[in-house]
Amino acid sequence: MASSATLTTTHLPTLRTILDEWNQKRPATKGFPVPVAELRQSPDASKDVIVAFRTRPPLPNEAADKFHADPDAKDASVDADGQVAAVEFCAGITVTSAEPGVFVAHVPGMKWSGPTLTHKTYEADLAFSPDVDNEEVYQRTVAASDMLSLAISGGVGCILAYGQTGSGKTYTMESVEHRVARDLFDQARVVGKRLLEAQGGDHASAATGDIFEFSVTFLELLGKHASDLLESTEEVDSQGNPVRTEISVREDKVGNVRPNLISSSVRTSAELEELINKALSHRRTTATLRNATSSRSHAMLTITIKNTLLPYADEGQLILVDLAGSERYEDSKDHDKQRMEEARDNNKSLMNLKECVRAKAKMAAEDGFVHIPWRANKLTMLLKPIFDIESRQPSRTIIIAHVSPHIQDTIHSTNTLSYAAPFKTAPPKPRGPLPYDAKDPRTWDHDKTVEWLTAQFAKRAMKSRQAEWNVRAKAARLAGKKLKPLEDPAPGQLDLGFDVAKICPAGSTAKNLGMLYTPQFVQRCLEAQSGTALTQDQVKNTAVDIIGNLFYLIITAKTRKRNEIMKSRKKLVEEDAYGVAPRATKEYDEEEFLEAQIFYGPRWQELIIAARKKCKQEGKNWEIEYGITTDDMMDKFRAHKAAAVKEAAEKADLEGLE
Ligand SMILES: Nc1ncnc2c1ncn2[C@@H]1O[C@H](COP(=O)(O)OP(=O)(O)OP(=O)(O)O)[C@@H](O)[C@H]1O
C-alpha cells in the first residue's frame with residue numbers, strides 16, 4: 001500500500017483540486033467577534049481550562065523539503081519524464097471559525113476510484129490562523145483571561161504549548177514569555193497601589209505599589225531527567241551533552257513539589273527578560289550540542305509572586321511550559337536506544353498530562369469530584385499547583401495546540417487536535433441552589449453566610465476582649481486590687497471591628513466569597529473595618545485567617561467523598577525532601593495531617609524547609625539541631641486541639657451552670 005507520504009506526493013494536484021472544490025462550497029471563515037483592540041475579558045473567564053489551536057504559515061522551501069523534491073529520495077515527486085516536479089504548498093488545515101475555534105484537518109486517503117480527502121472538524125475555544133501574530137495570540141489568551149492578575153492575586157496561571165516538532169510551540173512560548181516579562185511588573189504595581197490605598201496610612205511603597213517579590217526558576221525535563229536551565233556549565237560528557245546536576249522531582253513531607261532549582265529574584269522587566277534569555281540560550285545550546293532540536297524536552301518557566309503585605313497568603317505562580325514534541329513512538333524507531341527511551345517517556349508524560357487536563361476540565365464543568373492522577377508522572381507532579389484538588393489556590397490553564405499547515409503532516413495534526421479538543425468544555429451550567437448542608441459553605445445562602453462570618457469575627461473579638469481583660473486583671477492584682485469579672489456583652493453589643501454587611505453585601509454568599517483571592521478578601525476587610533481598635537496587621541491576619549477557614553471548609557466538603565475512601569489508608573508514609581529513604585511515621589490519617597497543616601498555615605512548610613535547607617548546607621542533622629520533627633508538630637497540634645476542646649467543654653459547663 002502506498003505510504004501517506006507517497007500518496008500525498010504523487011497525487012498532490014488531485015488533492016489540491018478536491019480541496020479547492022471543498023473550499024468553494026464551504027461558508028466563509030468566521031473571524032473573531034471582537035477586534036483585538038477592543039478586547040476586554042473573553043474567553044469565558046469562568047472556565048478553568050481554555051483550549052486554543054494555532055497553525056503557522058508555511059516556511060520558505062518547506063514544501064519542497066516535505067515532499068522530498070530530491071530525485072534520489074524514496075518518495076521523490078517526479079513527473080512522467082523523470083523530472084523533479086515543482087512542489088508547492090498544499091494546505092492540510094483550514095480555519096473555519098476563530099471563536100469558538102474550529103479547525104478542519106484534510107486527511108488524504110485512497111479509494112478504488114482514486115485519491116480522496118476526508119475533512120475532520122475539531123473544536124476549541126479559540127483558533128488562530130497563520131496570519132494571526134504573536135501579540136494577538138497573547139492578547140486573546142493570556143491578557144483576555146486575566147492570567148497575570150490571577151497570579152498576582154495568589155492564584156496559579158499555566159500556559160502549555162503542545163504540538164508536533166516544528167509546529168511553532170517554541171515560537172509561541174518564547175513570545176508569551178517575553179510579553180509576560182513586559183506586562184507583569186506594571187500590572188503588579190497597579191494591584192499593589194490598590195491594596196495600599198485600601199490599607200490607608202503611610203507606606204514606603206505607596207507611590208510605586210512595589211509590594212510584590214518575584215522569583216524565577218527554569219526547569220528542563222528530558223525523558224525522566226530534570227535539570228536546571230539556569231545552571232551554567234562548561235562541562236560536557238563524552239557525547240557532547242552539557243553536564244547539569246540532576247534535579248529530583250518528588251513530593252516533600254508537606255506534599256509540595258519544589259525541586260531544588262536555582263531561584264533568582266527579579267525586580268524589573270529587564271531583569272526577567274535577561275534571565276529568560278539566559279535559560280533559553282542554555283536550552284538552545286543543549287539542543288545544538290545534542291544534534292537535535294529542543295523538541296525532545298519539556299521546558300518549564302515558573303514565576304513565583306509573593307505579596308509582602310500578606311506574607312501568609314498563598315504565593316501566586318505563573319507556569320509556562322513549552323512541551324516536548326508530540327512525535328509518535330513509531331517515528332523514533334530509527335533512533336538510538338536513549339532517544340527511543342526519551343520518546344517513550346515523553347509520550348507517557350504527555351498522555352498523563354492529557355488525562356489530568358481532561359479530568360480538571362471535567363471537574364470544573366461539573367463542579368463535582370473527579371480523580372486527577374497527577375502523581376503518576378514527573379511532568380504532572382511539577383504541575384501539581386493546577387491539578388491538586390486540595391489546593392485552595394484558584395487556577396487557570398490555557399493549552400495552545402500547534403499544528404503544521406502542510407497536508408503532509410495531517411496525520412500528526414489530527415493526533416494533536418484530537419489530543420487537545422476534548423479539553424474544551426461547556427462553561428459550568430447555571431444551577432439552582434444546592435440543598436443546604438451545614439458543613440458545606442457552597443450551599444449556604446446570604447443569611448447563613450453573614451451568620452457564619454459574624455460568628456467568626458465575634459469569636460476573635462471575644463478573644464481579644466478577654467486578653468485585654470486578663471492584662472488589666474493582672475495589673476489590678478499587682479496593685480492589690482480585684483477586677484470585676486468580665487461580663488458577656490449584651491446581645492448585639494459586641495464590637496466586631498468590622499461591618500459584615502460590607503464584606504458580604506446583599507445577594508453575596510459563601511460560594512461567592514470562596515471565589516475571591518485572598519488579597520481581595522483582605523482588601524474588603526480593610527475597607528469594612530469599623531473603629532480603630534484593630535491595627536492594620538491585626539485586620540490582615542484576621543482576614544487571612546477567616547478566608548482560610550472558609551477555603552478549608554469548602555475543600556473539606558469537596559474532598560469528603562475522597563476522604564471516605566482514604567480513611568481505609570491508615571498510615572501516612574513520608575518521603576524525605578532531600579532523598580532519604582521513605583520511612584513510616586506515627587499513625588495519623590490524611591485528614592488530621594491536612595488539618596494540622598492548615599492550623600500551622602505556611603509556617604509549617606517554612607519551618608521545615610528552612611530548617612532542613614540550613615542544616616543541609618551546614619552538614620548538620622536538622623532534627624537534632626532544631627528539635628522539631630513532623631511527629632513533634634503533630635503532637636503539638638493535637639495538644640492544641642485537645643486544649644481547645646477542653647476550653648469549649650468548660651465554657652459549655654459554665655454556661656450550663658449559669
Ligand atoms: N506563527 C508563525 N509565524 C511565522 N513563523 C513561525 C510561526 N510559528 C513557527 N514559525 C517558525 O517555524 C519554525 C518552527 O517553529 P518552532 O521552533 O517554534 O517549532 P516547535 O514546535 O517549537 O519545534 P520543536 O519542537 O522542534 O522545538 C521556526 O523557524 C519558527 O520561526
# chains A, B, ... in the order shown; residues from 1 in each chain; ligands from 1

$ residues_near_ligand --ligand "ligand 1" --cutoff "10 Å" --atoms "only C-alpha atoms and all ligand atoms" --output "count of residues only"
50

$ residues_around --residues "range 347-356 of chain A" --least-positions-apart "2" --cutoff "10 Å" --atoms "only C-alpha atoms" --output "PyMOL selection string"
chain A and resi 162+223-224+298+323-329+341-345+358-362+370-381+383+386-388+419-420+422-423

$ select_by_dssp --residues "range 358-485 of chain A" --states "strand (DSSP E)" --output "ChimeraX atom specification"
/A:395-403

$ write_last_selection --atoms "C-alpha atoms" --output "tab-separated table (two decimals), in the first residue's frame"
chain	number	residue	atom	x	y	z
A	395	SER	CA	-6.03	28.28	38.87
A	396	ARG	CA	-6.49	28.68	35.15
A	397	THR	CA	-4.84	26.72	32.35
A	398	ILE	CA	-4.50	27.67	28.71
A	399	ILE	CA	-3.39	24.97	26.32
A	400	ILE	CA	-2.30	26.05	22.85
A	401	ALA	CA	-2.22	23.11	20.44
A	402	HIS	CA	0.02	23.77	17.42
A	403	VAL	CA	-0.25	22.10	14.04

$ atom_distance --atom1 "CA of Glu273 in chain A" --atom2 "CA of Ile319 in chain A"
15.6 Å

$ atom_distance --atom1 "CA of Asp314 in chain A" --atom2 "CA of Lys424 in chain A"
28.3 Å

$ atom_distance --atom1 "CA of Ser153 in chain A" --atom2 "CA of Val191 in chain A"
8.2 Å

$ select_by_dssp --residues "range 333-519 of chain A" --states "helix (DSSP H, G or I)" --output "PyMOL selection string"
chain A and resi 337-366+374-376+378-382+384-387+407-423+441-443+446-478+500-503+510-514+518-519

$ closest_residue --among "A:Ala299, A:Val500, A:Val257, A:Ala181" --to "Leu275 in chain A" --atoms "only C-alpha atoms"
A:Ala181

$ residues_around --residues "Thr449 in chain A" --least-positions-apart "5" --cutoff "10 Å" --atoms "only C-alpha atoms" --output "MDAnalysis selection string"
chainID A and resid 441:444 454:455 500 504 508:511 513

$ closest_residue --among "A:Ile305, A:Leu219, A:Val249, A:Cys615" --to "Ser149 in chain A" --atoms "only C-alpha atoms"
A:Ile305

$ residues_around --residues "Glu274 in chain A" --least-positions-apart "5" --cutoff "12 Å" --atoms "only C-alpha atoms" --output "list in words"
Glu177, His178, Ala181, Arg182, Val216, Leu230, Ser264, Ser265, Val266, Arg267, Thr268, Ser269, Ala279, Leu280 and Ser281 of chain A

$ residues_around --residues "Glu315 in chain A" --least-positions-apart "5" --cutoff "8 Å" --atoms "only C-alpha atoms" --output "number ranges by chain"
A: 154-155, 304-307

$ write_last_selection --atoms "C-alpha atoms" --output "PDB file, in the first residue's frame"
ATOM      1  CA  GLY A 154      -2.259  34.442  44.709  1.00  0.00           C
ATOM      2  CA  GLY A 155      -3.676  32.124  42.046  1.00  0.00           C
ATOM      3  CA  THR A 304       6.513  32.896  41.823  1.00  0.00           C
ATOM      4  CA  ILE A 305       4.907  36.047  43.175  1.00  0.00           C
ATOM      5  CA  LYS A 306       4.904  36.842  46.874  1.00  0.00           C
ATOM      6  CA  ASN A 307       2.743  39.566  48.353  1.00  0.00           C
TER       7      ASN A 307
END
